[in-house]
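Visitor: Handing over entry-v1.cif, mmCIF, C-alpha atoms and all ligand atoms.
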data_entry
loop_
_atom_site.label_atom_id
_atom_site.label_comp_id
_atom_site.auth_asym_id
_atom_site.auth_seq_id
_atom_site.Cartn_x
_atom_site.Cartn_y
_atom_site.Cartn_z
CA THR A 1 -62.19 -39.99 54.37
CA ARG A 2 -63.30 -42.95 52.32
CA GLN A 3 -65.74 -42.05 49.54
CA ILE A 4 -67.70 -44.05 46.98
CA VAL A 5 -67.54 -42.62 43.47
CA LEU A 6 -69.37 -43.42 40.27
CA ASN A 7 -66.98 -45.60 38.27
CA SER A 8 -69.19 -46.24 35.24
CA ARG A 9 -72.81 -45.85 34.19
CA PRO A 10 -75.00 -48.95 34.34
CA GLN A 11 -76.55 -50.44 31.22
CA GLY A 12 -79.64 -52.11 32.62
CA TRP A 13 -79.07 -53.52 36.09
CA VAL A 14 -76.63 -51.78 38.40
CA THR A 15 -73.50 -53.84 39.17
CA PRO A 16 -70.78 -53.47 41.85
CA GLU A 17 -68.35 -52.42 39.06
CA ASN A 18 -70.34 -49.20 38.61
CA PHE A 19 -68.86 -48.01 41.94
CA ALA A 20 -65.33 -47.48 43.26
CA MET A 21 -63.99 -46.67 46.71
CA ARG A 22 -61.31 -44.01 47.15
CA GLU A 23 -59.51 -42.13 49.90
CA ALA A 24 -59.80 -38.34 49.84
CA ASP A 25 -58.48 -35.58 52.04
CA THR A 26 -61.04 -33.65 54.00
CA PRO A 27 -60.89 -30.07 52.65
CA GLU A 28 -60.20 -27.03 54.82
CA LEU A 29 -63.33 -25.26 56.03
CA ALA A 30 -64.10 -21.85 54.52
CA PRO A 31 -66.32 -19.41 56.43
CA GLY A 32 -69.86 -20.83 56.55
CA ASP A 33 -68.75 -24.43 55.99
CA VAL A 34 -69.60 -27.35 58.27
CA LEU A 35 -67.66 -30.61 58.61
CA VAL A 36 -70.04 -33.52 59.13
CA ARG A 37 -69.20 -37.01 60.38
CA HIS A 38 -71.66 -39.37 58.75
CA LEU A 39 -73.71 -41.74 60.90
CA TYR A 40 -76.39 -43.07 58.52
CA MET A 41 -76.79 -42.77 54.79
CA SER A 42 -79.86 -43.45 52.67
CA VAL A 43 -79.96 -45.53 49.50
CA ASP A 44 -83.08 -44.82 47.42
CA PRO A 45 -84.63 -45.91 44.12
CA TYR A 46 -84.35 -42.41 42.57
CA MET A 47 -80.55 -42.80 42.64
CA ARG A 48 -80.85 -45.29 39.79
CA GLY A 49 -82.05 -42.46 37.53
CA LEU A 50 -79.18 -40.23 38.70
CA MET A 51 -76.69 -42.87 37.53
CA ASN A 52 -77.82 -42.32 33.93
CA GLU A 53 -76.18 -39.69 31.73
CA GLY A 54 -78.15 -36.48 32.26
CA GLY A 55 -79.87 -37.62 35.47
CA VAL A 56 -83.65 -37.24 35.60
CA ALA A 57 -86.07 -34.47 34.62
CA TYR A 58 -86.12 -32.97 38.12
CA ALA A 59 -82.45 -33.42 39.16
CA ALA A 60 -78.92 -33.47 37.77
CA GLY A 61 -77.16 -36.83 37.78
CA PHE A 62 -74.04 -38.29 39.38
CA ARG A 63 -70.74 -37.58 37.62
CA ILE A 64 -68.17 -40.19 36.67
CA GLY A 65 -65.24 -40.12 39.10
CA GLU A 66 -67.17 -38.00 41.62
CA PRO A 67 -68.77 -39.23 44.85
CA LEU A 68 -72.41 -40.22 44.69
CA PHE A 69 -74.57 -38.16 47.03
CA GLY A 70 -77.77 -38.57 48.93
CA ARG A 71 -79.48 -38.01 52.24
CA VAL A 72 -77.26 -38.41 55.27
CA ILE A 73 -77.70 -38.12 59.01
CA GLY A 74 -74.51 -37.02 60.69
CA GLN A 75 -72.99 -35.11 63.51
CA VAL A 76 -71.24 -31.75 63.25
CA ALA A 77 -67.52 -32.28 63.88
CA GLN A 78 -66.41 -28.73 63.16
CA SER A 79 -68.37 -25.65 62.24
CA ARG A 80 -67.61 -22.26 60.77
CA ASN A 81 -71.32 -21.53 60.53
CA GLU A 82 -73.20 -19.91 63.38
CA LYS A 83 -76.33 -21.97 62.68
CA PHE A 84 -74.59 -25.25 63.55
CA ARG A 85 -72.64 -26.19 66.65
CA GLU A 86 -70.17 -29.00 67.17
CA GLY A 87 -72.09 -32.11 68.27
CA ASP A 88 -75.38 -31.14 66.60
CA CYS A 89 -77.13 -33.98 64.81
CA VAL A 90 -77.88 -32.90 61.28
CA TYR A 91 -79.62 -34.03 58.12
CA GLY A 92 -78.17 -33.08 54.74
CA MET A 93 -77.62 -33.92 51.08
CA LEU A 94 -74.03 -35.15 51.30
CA ASP A 95 -71.55 -37.52 49.67
CA TRP A 96 -71.44 -41.31 49.96
CA ALA A 97 -68.53 -40.99 52.41
CA GLU A 98 -67.50 -41.17 56.03
CA TRP A 99 -67.05 -37.42 56.34
CA SER A 100 -67.97 -34.49 54.16
CA VAL A 101 -68.05 -30.73 54.13
CA ALA A 102 -71.40 -29.01 53.71
CA LYS A 103 -70.40 -25.88 51.80
CA GLY A 104 -71.95 -22.89 53.53
CA GLY A 105 -74.00 -25.34 55.60
CA GLU A 106 -76.24 -25.65 52.54
CA SER A 107 -78.89 -28.41 52.74
CA LEU A 108 -78.18 -28.98 56.46
CA ARG A 109 -80.97 -29.06 59.03
CA VAL A 110 -80.62 -29.85 62.73
CA VAL A 111 -82.58 -32.93 63.85
CA ASP A 112 -83.63 -33.92 67.35
CA PRO A 113 -81.90 -37.14 68.47
CA HIS A 114 -84.35 -37.54 71.37
CA LEU A 115 -87.52 -37.59 69.30
CA ALA A 116 -86.77 -40.86 67.51
CA PRO A 117 -83.84 -43.07 66.48
CA LEU A 118 -81.69 -40.99 64.13
CA SER A 119 -82.09 -43.38 61.20
CA TYR A 120 -85.85 -42.69 61.17
CA TYR A 121 -85.06 -39.26 59.71
CA LEU A 122 -84.07 -41.06 56.51
CA GLY A 123 -87.25 -43.15 56.41
CA THR A 124 -90.59 -42.72 58.12
CA LEU A 125 -89.65 -39.27 59.49
CA GLY A 126 -87.78 -38.27 56.35
CA PHE A 127 -88.46 -37.81 52.65
CA PRO A 128 -89.84 -41.32 52.09
CA GLY A 129 -92.43 -40.65 54.81
CA LEU A 130 -93.16 -37.21 53.40
CA THR A 131 -93.57 -38.79 49.96
CA ALA A 132 -96.23 -41.10 51.36
CA TYR A 133 -97.92 -38.15 53.03
CA VAL A 134 -97.98 -36.03 49.87
CA GLY A 135 -99.27 -38.86 47.69
CA MET A 136 -101.85 -40.14 50.13
CA THR A 137 -103.06 -36.98 51.85
CA LEU A 138 -102.80 -34.37 49.09
CA ILE A 139 -103.60 -36.57 46.06
CA GLY A 140 -105.21 -39.86 47.12
CA LYS A 141 -107.39 -38.26 49.83
CA PRO A 142 -108.90 -41.56 51.05
CA LYS A 143 -112.21 -41.37 52.84
CA GLU A 144 -113.67 -43.70 55.42
CA GLY A 145 -114.93 -46.88 53.82
CA GLU A 146 -113.00 -46.46 50.57
CA THR A 147 -110.53 -49.07 49.32
CA VAL A 148 -106.89 -48.04 48.95
CA TYR A 149 -104.26 -50.16 47.23
CA VAL A 150 -100.51 -49.67 47.84
CA SER A 151 -97.80 -51.48 45.85
CA ALA A 152 -94.23 -52.05 47.19
CA ALA A 153 -96.22 -51.80 50.42
CA SER A 154 -93.60 -52.91 52.94
CA GLY A 155 -91.00 -50.45 51.64
CA ALA A 156 -89.98 -47.07 53.00
CA VAL A 157 -92.76 -45.14 51.25
CA GLY A 158 -95.34 -47.93 51.01
CA GLN A 159 -95.51 -48.77 54.71
CA VAL A 160 -96.21 -45.13 55.60
CA ALA A 161 -98.68 -44.66 52.73
CA GLY A 162 -100.74 -47.65 53.81
CA GLN A 163 -100.75 -46.65 57.47
CA LEU A 164 -101.85 -43.09 56.64
CA ALA A 165 -104.76 -44.52 54.65
CA ARG A 166 -105.66 -46.82 57.54
CA ILE A 167 -105.54 -43.87 59.98
CA ALA A 168 -107.87 -41.99 57.58
CA GLY A 169 -110.39 -44.83 57.97
CA ALA A 170 -109.99 -46.50 54.59
CA ARG A 171 -109.71 -50.21 53.88
CA VAL A 172 -106.10 -50.80 52.82
CA VAL A 173 -104.70 -53.59 50.68
CA GLY A 174 -101.00 -53.91 49.93
CA SER A 175 -98.78 -56.04 47.76
CA ALA A 176 -95.15 -56.99 48.26
CA GLY A 177 -92.62 -59.47 46.95
CA THR A 178 -92.35 -61.99 49.83
CA ASP A 179 -94.72 -63.62 52.32
CA GLU A 180 -92.68 -62.14 55.18
CA LYS A 181 -93.27 -58.63 53.81
CA VAL A 182 -96.99 -59.36 53.52
CA ARG A 183 -97.04 -60.55 57.15
CA PHE A 184 -95.37 -57.30 58.16
CA ILE A 185 -97.88 -55.00 56.44
CA VAL A 186 -100.90 -56.92 57.72
CA GLY A 187 -99.59 -57.98 61.14
CA GLU A 188 -97.65 -54.87 62.14
CA CYS A 189 -98.90 -52.02 59.98
CA GLY A 190 -102.59 -52.84 60.19
CA PHE A 191 -103.25 -53.19 56.46
CA HIS A 192 -106.58 -55.01 56.11
CA ASP A 193 -105.16 -57.42 53.57
CA GLY A 194 -102.14 -58.07 51.45
CA PHE A 195 -100.72 -60.46 48.88
CA ASN A 196 -97.41 -61.60 47.44
CA TYR A 197 -97.53 -60.37 43.85
CA ARG A 198 -94.98 -62.97 42.76
CA LEU A 199 -97.42 -65.81 43.51
CA PHE A 200 -100.59 -64.56 41.82
CA SER A 201 -101.93 -62.82 38.76
CA ILE A 202 -102.08 -59.27 40.11
CA ALA A 203 -105.46 -58.53 38.49
CA GLU A 204 -106.99 -61.70 39.96
CA ALA A 205 -105.54 -60.96 43.40
CA LEU A 206 -106.88 -57.40 43.25
CA ARG A 207 -110.36 -58.63 42.31
CA LEU A 208 -110.22 -61.01 45.27
CA TYR A 209 -108.77 -58.66 47.88
CA CYS A 210 -110.42 -55.45 46.68
CA GLY A 211 -113.96 -56.77 46.34
CA ASP A 212 -115.43 -53.25 46.03
CA GLY A 213 -112.83 -52.13 43.49
CA ILE A 214 -110.07 -49.60 44.11
CA ASP A 215 -110.81 -45.96 44.99
CA VAL A 216 -107.23 -44.83 45.60
CA ASN A 217 -104.15 -46.34 43.99
CA PHE A 218 -100.75 -45.42 45.46
CA GLU A 219 -98.47 -46.42 42.59
CA ASN A 220 -94.89 -47.39 43.46
CA VAL A 221 -94.25 -50.07 40.85
CA GLY A 222 -95.70 -49.35 37.38
CA GLY A 223 -95.65 -51.95 34.59
CA ALA A 224 -97.78 -55.03 35.18
CA ASN A 225 -98.94 -53.69 38.54
CA LEU A 226 -100.34 -50.52 36.99
CA GLU A 227 -101.99 -52.47 34.17
CA ALA A 228 -103.83 -54.61 36.71
CA VAL A 229 -104.92 -51.65 38.85
CA LEU A 230 -106.32 -49.91 35.77
CA GLN A 231 -108.52 -52.96 35.21
CA VAL A 232 -109.84 -53.10 38.77
CA ALA A 233 -110.08 -49.37 39.59
CA ASN A 234 -113.48 -47.81 40.21
CA ASP A 235 -114.87 -44.92 38.21
CA PHE A 236 -113.34 -41.61 39.34
CA ALA A 237 -110.55 -43.36 41.30
CA ARG A 238 -107.51 -41.27 42.27
CA PHE A 239 -104.06 -42.47 41.28
CA ALA A 240 -101.12 -41.00 43.23
CA MET A 241 -98.27 -41.71 40.81
CA CYS A 242 -95.25 -41.97 43.08
CA GLY A 243 -92.82 -44.25 41.27
CA MET A 244 -92.34 -47.06 38.78
CA ILE A 245 -89.60 -49.15 40.29
CA SER A 246 -90.26 -52.09 37.97
CA GLN A 247 -88.99 -49.94 35.10
CA TYR A 248 -85.83 -48.32 36.42
CA ASN A 249 -83.39 -50.98 35.22
CA LEU A 250 -85.04 -51.74 31.87
CA THR A 251 -83.11 -50.95 28.73
CA GLU A 252 -86.23 -50.78 26.55
CA THR A 253 -89.36 -48.68 26.95
CA TYR A 254 -92.22 -50.54 28.59
CA HIS A 255 -95.54 -49.92 26.89
CA VAL A 256 -98.25 -49.90 29.56
CA ARG A 257 -101.52 -51.49 28.50
CA ASN A 258 -105.06 -50.56 29.58
CA LEU A 259 -104.43 -46.80 29.53
CA ASN A 260 -107.83 -46.43 27.84
CA GLU A 261 -109.33 -47.08 31.29
CA ILE A 262 -108.14 -43.61 32.34
CA VAL A 263 -110.67 -42.16 29.91
CA SER A 264 -113.56 -44.56 30.31
CA LYS A 265 -113.34 -44.60 34.12
CA ARG A 266 -112.61 -40.83 34.32
CA LEU A 267 -109.58 -41.48 36.52
CA HIS A 268 -107.63 -38.73 38.25
CA VAL A 269 -103.98 -39.62 37.63
CA GLN A 270 -101.48 -37.28 39.27
CA GLY A 271 -97.70 -37.58 39.33
CA PHE A 272 -95.70 -35.83 42.04
CA VAL A 273 -92.15 -35.36 43.28
CA VAL A 274 -91.54 -34.94 46.99
CA ARG A 275 -88.93 -32.20 46.63
CA ASP A 276 -91.71 -29.81 45.53
CA HIS A 277 -93.14 -30.25 49.02
CA ALA A 278 -89.94 -30.04 51.08
CA HIS A 279 -91.34 -27.11 53.08
CA LEU A 280 -93.79 -29.53 54.73
CA ILE A 281 -91.05 -31.61 56.38
CA GLU A 282 -91.10 -29.99 59.84
CA PRO A 283 -94.87 -30.21 60.47
CA PHE A 284 -94.79 -33.68 58.92
CA ILE A 285 -92.12 -34.87 61.36
CA GLU A 286 -94.07 -33.51 64.31
CA GLU A 287 -97.31 -35.18 63.28
CA THR A 288 -95.69 -38.49 62.36
CA ALA A 289 -93.50 -38.72 65.47
CA ASP A 290 -96.75 -38.38 67.39
CA HIS A 291 -98.32 -41.28 65.42
CA ILE A 292 -95.28 -43.42 66.28
CA ALA A 293 -95.23 -42.42 69.96
CA ARG A 294 -98.93 -43.25 70.31
CA GLY A 295 -98.50 -46.63 68.66
CA ARG A 296 -100.59 -45.69 65.62
CA MET A 297 -97.72 -46.20 63.20
CA SER A 298 -95.14 -49.00 62.96
CA VAL A 299 -91.69 -48.62 61.46
CA ALA A 300 -89.54 -51.22 59.72
CA GLU A 301 -85.95 -50.43 58.84
CA ASP A 302 -83.39 -52.59 57.12
CA ILE A 303 -79.94 -51.50 58.24
CA VAL A 304 -76.74 -52.53 56.45
CA THR A 305 -73.45 -51.76 58.21
CA GLY A 306 -70.36 -50.20 56.62
CA LEU A 307 -69.83 -47.63 53.87
CA GLU A 308 -68.09 -50.30 51.78
CA ASN A 309 -71.39 -52.21 51.68
CA ALA A 310 -73.40 -49.27 50.36
CA PRO A 311 -73.25 -50.31 46.67
CA GLN A 312 -74.57 -53.80 47.43
CA ALA A 313 -77.15 -52.34 49.84
CA PHE A 314 -78.40 -50.16 46.99
CA ILE A 315 -78.37 -52.91 44.36
CA GLY A 316 -80.14 -55.32 46.72
CA MET A 317 -82.83 -52.75 47.51
CA LEU A 318 -83.60 -52.34 43.80
CA GLN A 319 -84.05 -56.12 43.68
CA GLY A 320 -86.25 -56.25 46.78
CA ASP A 321 -83.98 -57.79 49.42
CA ASN A 322 -84.94 -55.08 51.95
CA LEU A 323 -87.81 -55.29 54.41
CA GLY A 324 -88.51 -51.65 55.21
CA LYS A 325 -86.36 -48.58 54.73
CA ARG A 326 -82.85 -49.56 53.63
CA VAL A 327 -80.18 -47.40 55.31
CA VAL A 328 -76.43 -47.78 55.64
CA HIS A 329 -74.97 -47.39 59.13
CA ILE A 330 -71.58 -45.72 58.91
CA ALA A 331 -70.65 -44.77 62.47
CA ASP A 332 -72.08 -44.43 65.95
CA ARG A 333 -72.89 -41.10 67.51
P1 LIG A 401 -88.57 -49.46 48.91
O1 LIG A 401 -88.16 -49.38 50.34
O2 LIG A 401 -90.00 -49.76 48.61
O3 LIG A 401 -87.60 -50.46 48.18
C1 LIG A 401 -87.82 -50.80 46.85
C2 LIG A 401 -88.79 -51.98 46.75
O4 LIG A 401 -89.36 -52.02 45.46
C3 LIG A 401 -88.11 -53.33 46.88
O5 LIG A 401 -87.92 -53.71 48.22
C4 LIG A 401 -89.09 -54.25 46.16
O6 LIG A 401 -90.02 -54.76 47.11
C5 LIG A 401 -89.84 -53.31 45.21
N1 LIG A 401 -89.59 -53.72 43.82
C6 LIG A 401 -88.43 -53.75 43.16
N2 LIG A 401 -88.60 -54.20 41.90
C7 LIG A 401 -89.91 -54.46 41.77
C8 LIG A 401 -90.72 -54.96 40.70
N3 LIG A 401 -90.20 -55.27 39.51
N4 LIG A 401 -92.03 -55.11 40.92
C9 LIG A 401 -92.57 -54.81 42.12
N5 LIG A 401 -91.85 -54.33 43.16
C10 LIG A 401 -90.55 -54.16 42.98
O7 LIG A 401 -88.24 -48.07 48.19
P2 LIG A 401 -88.91 -46.66 48.45
O8 LIG A 401 -90.00 -46.80 49.42
O9 LIG A 401 -87.84 -45.69 48.72
O10 LIG A 401 -89.53 -46.29 47.04
C11 LIG A 401 -90.76 -46.84 46.61
C12 LIG A 401 -91.22 -46.13 45.35
O11 LIG A 401 -91.44 -44.75 45.63
C13 LIG A 401 -90.23 -46.17 44.20
O12 LIG A 401 -90.93 -46.33 43.00
C14 LIG A 401 -89.59 -44.80 44.26
O13 LIG A 401 -89.06 -44.41 43.03
C15 LIG A 401 -90.76 -43.96 44.68
N6 LIG A 401 -90.41 -42.68 45.29
C16 LIG A 401 -90.94 -41.55 44.73
C17 LIG A 401 -90.70 -40.32 45.26
C18 LIG A 401 -91.33 -39.13 44.66
O14 LIG A 401 -91.01 -38.00 45.06
N7 LIG A 401 -92.23 -39.30 43.71
C19 LIG A 401 -89.83 -40.16 46.44
C20 LIG A 401 -89.37 -41.43 47.02
C21 LIG A 401 -89.66 -42.64 46.43
P3 LIG A 401 -90.89 -56.09 46.80
O15 LIG A 401 -90.18 -57.23 47.45
O16 LIG A 401 -92.19 -55.79 47.41
O17 LIG A 401 -90.92 -56.26 45.32
#
Please go through the file and, once you have read it, give me the structure as structure tokens.
Ligand code: NDP

Guide:
Amino acid sequence: TRQIVLNSRPQGWVTPENFAMREADTPELAPGDVLVRHLYMSVDPYMRGLMNEGGVAYAAGFRIGEPLFGRVIGQVAQSRNEKFREGDCVYGMLDWAEWSVAKGGESLRVVDPHLAPLSYYLGTLGFPGLTAYVGMTLIGKPKEGETVYVSAASGAVGQVAGQLARIAGARVVGSAGTDEKVRFIVGECGFHDGFNYRLFSIAEALRLYCGDGIDVNFENVGGANLEAVLQVANDFARFAMCGMISQYNLTETYHVRNLNEIVSKRLHVQGFVVRDHAHLIEPFIEETADHIARGRMSVAEDIVTGLENAPQAFIGMLQGDNLGKRVVHIADR
């Protein structure tokens, strides 16, 4: 199998030289093991943190000379585990590769290929969707008539977060980095308004588009975005702190301004990590597949073909060249 390994650790922005492709033998299966042929593979912002020495607070990092790993949808090619049969479509935490062995079947879960396109299990019906659900439903808790603001709104998490808020009856405003992305969130996802943050002062745009202030902030970006939201937020607003993608490639600490607003406005600011809520995935998939089937929720994916293109697919996503969930297509079922 071809695999992509970590060649070096990035200093600042990730570059193609941080990755290397290699050929590896597929190991023999021990009892309990499952051989998976990869169909789709996810590239996600959190992987940037795993490229650093020591990884992140909640997960160990990638190792030099070892394959990177992430969420994969594949098909069971051979099984020595009674829970999985040859031909089953499965989800798992597996290598950046064409094939891999899930030791003891660990991390594998069977997915239904008839419920939705398989790639959706990496996006709207996967952990990005569940992330949106946790942040919006358990922390943001938007009520009818409230104003919700979502940054990186066209992305994998953002598009679901905004649509969940709309379904809850809130007024939803999103921001994104191109006019096309803004057209997607307003035209297809039913956001009430949106703006291209590259063209405006974010605080001015928020004052214009969120005339009644912000009651729920779904934070995907951090930095200047967060500083602006702090200025425009209403008293007692809820902040679901999901990510800070504007910071992941910085080499120096960013000092966020306006934090005093947390005190004076009595804000509820709550960070969260989706893996703490992994047990919710099955009911989440059922509920969300129903939203999609009934036309209440739109899905945008951005599919790049070929394992060899995974590094560039990942780098490009960090820079915003994706419209919707970025996945890498490796093989057909
Ligand atoms: P996306 O599909 O949203 O892709 C990343 C997007 O981030 C880019 O397309 C780009 O869109 C935007 N972006 C990149 N740099 C900047 C910048 N400097 N300022 C503003 N926007 C920027 O990725 P995900 O949906 O997977 O992730 C979104 C966020 O959610 C990330 O912060 C991620 O870390 C976080 N996350 C958190 C999880 C948790 O458990 N807490 C789990 C999963 C994700 P644009 O063109 O709009 O700038």

Visitor: Kindly indicate which residue among A:Gly49, A:Gly145, A:Pro10, A:Pro113 lies nearest to ligand LIG 401 (chain A), using all atoms listed in the file for the distances.

Guide: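 Ranking A:Gly49, A:Gly145, A:Pro10, A:Pro113 by distance to ligand LIG 401 (chain A), first place goes to A:Gly49.
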
Visitor: Once you count only C-alpha atoms and all ligand atoms, what closest atom pair and distance in Å to one decimal does each residue of chain A within 7 Å of ligand LIG 401 (chain A) have, with rows by chain and rising residue number, as JSON lines?

Guide:
{"residue": "A:Asp44", "atom": "CA", "partner": "A:LIG401", "partner_atom": "O9", "distance": 5.0}
{"residue": "A:Pro45", "atom": "CA", "partner": "A:LIG401", "partner_atom": "O13", "distance": 4.8}
{"residue": "A:Tyr46", "atom": "CA", "partner": "A:LIG401", "partner_atom": "O13", "distance": 5.1}
{"residue": "A:Phe127", "atom": "CA", "partner": "A:LIG401", "partner_atom": "C20", "distance": 6.8}
{"residue": "A:Pro128", "atom": "CA", "partner": "A:LIG401", "partner_atom": "C20", "distance": 5.1}
{"residue": "A:Thr131", "atom": "CA", "partner": "A:LIG401", "partner_atom": "C19", "distance": 5.3}
{"residue": "A:Ala152", "atom": "CA", "partner": "A:LIG401", "partner_atom": "O16", "distance": 4.3}
{"residue": "A:Ala153", "atom": "CA", "partner": "A:LIG401", "partner_atom": "O16", "distance": 6.4}
{"residue": "A:Ser154", "atom": "CA", "partner": "A:LIG401", "partner_atom": "O16", "distance": 6.4}
{"residue": "A:Gly155", "atom": "CA", "partner": "A:LIG401", "partner_atom": "O2", "distance": 3.3}
{"residue": "A:Ala156", "atom": "CA", "partner": "A:LIG401", "partner_atom": "O8", "distance": 3.6}
{"residue": "A:Val157", "atom": "CA", "partner": "A:LIG401", "partner_atom": "O8", "distance": 3.7}
{"residue": "A:Gly158", "atom": "CA", "partner": "A:LIG401", "partner_atom": "O8", "distance": 5.7}
{"residue": "A:Ser175", "atom": "CA", "partner": "A:LIG401", "partner_atom": "O16", "distance": 6.6}
{"residue": "A:Ala176", "atom": "CA", "partner": "A:LIG401", "partner_atom": "O16", "distance": 3.3}
{"residue": "A:Gly177", "atom": "CA", "partner": "A:LIG401", "partner_atom": "O15", "distance": 3.3}
{"residue": "A:Thr178", "atom": "CA", "partner": "A:LIG401", "partner_atom": "O15", "distance": 5.7}
{"residue": "A:Asn220", "atom": "CA", "partner": "A:LIG401", "partner_atom": "O12", "distance": 4.1}
{"residue": "A:Val221", "atom": "CA", "partner": "A:LIG401", "partner_atom": "C9", "distance": 5.2}
{"residue": "A:Cys242", "atom": "CA", "partner": "A:LIG401", "partner_atom": "N7", "distance": 4.1}
{"residue": "A:Gly243", "atom": "CA", "partner": "A:LIG401", "partner_atom": "O12", "distance": 3.3}
{"residue": "A:Met244", "atom": "CA", "partner": "A:LIG401", "partner_atom": "O12", "distance": 4.5}
{"residue": "A:Ile245", "atom": "CA", "partner": "A:LIG401", "partner_atom": "O12", "distance": 4.1}
{"residue": "A:Ser246", "atom": "CA", "partner": "A:LIG401", "partner_atom": "N3", "distance": 3.5}
{"residue": "A:Phe272", "atom": "CA", "partner": "A:LIG401", "partner_atom": "N7", "distance": 5.2}
{"residue": "A:Val273", "atom": "CA", "partner": "A:LIG401", "partner_atom": "O14", "distance": 3.4}
{"residue": "A:Val274", "atom": "CA", "partner": "A:LIG401", "partner_atom": "O14", "distance": 3.7}
{"residue": "A:Arg275", "atom": "CA", "partner": "A:LIG401", "partner_atom": "O14", "distance": 6.4}
{"residue": "A:Met317", "atom": "CA", "partner": "A:LIG401", "partner_atom": "O5", "distance": 5.2}
{"residue": "A:Leu318", "atom": "CA", "partner": "A:LIG401", "partner_atom": "C6", "distance": 5.1}
{"residue": "A:Gln319", "atom": "CA", "partner": "A:LIG401", "partner_atom": "C6", "distance": 5.0}
{"residue": "A:Gly320", "atom": "CA", "partner": "A:LIG401", "partner_atom": "O5", "distance": 3.4}
{"residue": "A:Asp321", "atom": "CA", "partner": "A:LIG401", "partner_atom": "O5", "distance": 5.8}
{"residue": "A:Asn322", "atom": "CA", "partner": "A:LIG401", "partner_atom": "O5", "distance": 5.0}
{"residue": "A:Leu323", "atom": "CA", "partner": "A:LIG401", "partner_atom": "O5", "distance": 6.4}
{"residue": "A:Gly324", "atom": "CA", "partner": "A:LIG401", "partner_atom": "O1", "distance": 5.4}
{"residue": "A:Lys325", "atom": "CA", "partner": "A:LIG401", "partner_atom": "O1", "distance": 4.8}
{"residue": "A:Arg326", "atom": "CA", "partner": "A:LIG401", "partner_atom": "O1", "distance": 6.2}

Visitor: Could you give me the axis-aligned bounding box of stretch 241-253 of chain A, with 8 Å of padding per side, as centre plus edge lengths in Å to one decimal, as AutoDock Vina command-line options?

Guide:
--center_x -90.7 --center_y -46.9 --center_z 34.8 --size_x 31.2 --size_y 26.4 --size_z 32.5

Visitor: Of the residues A:Gly174, A:Pro67, A:Gly190, A:Gly92, which is the one nearest to A:Val150, using all atoms listed in the file?

Guide: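 Between A:Gly174, A:Pro67, A:Gly190, A:Gly92, the residue approaching A:Val150 most closely is A:Gly174.
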
Visitor: Show me, as a VMD selection string, the residues that have an atom within 7 Å of A:Phe236 when counting all atoms listed in the file, minus same-chain residues fewer than 3 positions from it.

Guide: chain A and resid 265 to 268

Visitor: Any chance you could export the current selection's C-alpha atoms as a compact mmCIF listing (two decimals), keeping the file's coordinate frame?

Guide:
# COMPACT_ATOMS: atom_id res chain seq x y z
CA LYS A 265 -113.34 -44.60 34.12
CA ARG A 266 -112.61 -40.83 34.32
CA LEU A 267 -109.58 -41.48 36.52
CA HIS A 268 -107.63 -38.73 38.25

Visitor: With all atoms listed in the file as the counted atoms, please give the residues lying no more than 10 Å from stretch 284-290 of chain A, apart from itself and same-chain residues fewer than 5 positions off, as an NGL selection string.

Guide: :A and (115-116 or 120-121 or 124-127 or 129-130 or 133-134 or 160 or 164 or 278-279 or 295-297)

Visitor: Given the point (-75.3, -49.4, 48.7) in the coordinates of this file, which residues lie within 12 Å, counting all atoms listed in the file, and how would they look as an MDAnalysis selection string?

Guide: chainID A and resid 4:6 14:16 18:21 40:45 47:48 68:70 96:97 303:318 322 326:330

Visitor: Separation of atom CA of A:Arg207 and atom CA of A:Thr253, in Å?

Guide: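 Computing the Euclidean distance for atom CA of A:Arg207 and atom CA of A:Thr253 yields 27.9 Å.
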
Visitor: If we count all atoms listed in the file, what is near stretch 209-212 of chain A at a cut-off of 8 Å, once residues fewer than 4 positions away on the same chain are taken out, given as a list in words?

Guide: Thr147, Val173, Asp193, Gly194 and Ala205 of chain A

Visitor: For atom CA of A:Gly223 and atom CA of A:Met241, determine how far apart the two atoms are, in Å to one decimal place.

Guide: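 Interatomic distance, atom CA of A:Gly223 to atom CA of A:Met241: 12.3 Å.
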
Visitor: Pick from A:Val256, A:Val148, A:Leu29, A:Ala331: nearest to A:Val101, with only C-alpha atoms counted?

Guide: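 Distance minimum relative to A:Val101 lands on A:Leu29.
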
Visitor: Given all atoms listed in the file as the basis, pick out the residue of A:Gly32, A:Leu39, A:Gly55, A:Val269 nearest to A:Pro117.

Guide: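 Of the candidates, the smallest distance to A:Pro117 is held by A:Leu39.
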
Visitor: What is the atom CA of A:Ala57 to atom CA of A:Ile262 distance in Å?

Guide: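 Atom CA of A:Ala57 sits 24.0 Å away from atom CA of A:Ile262.
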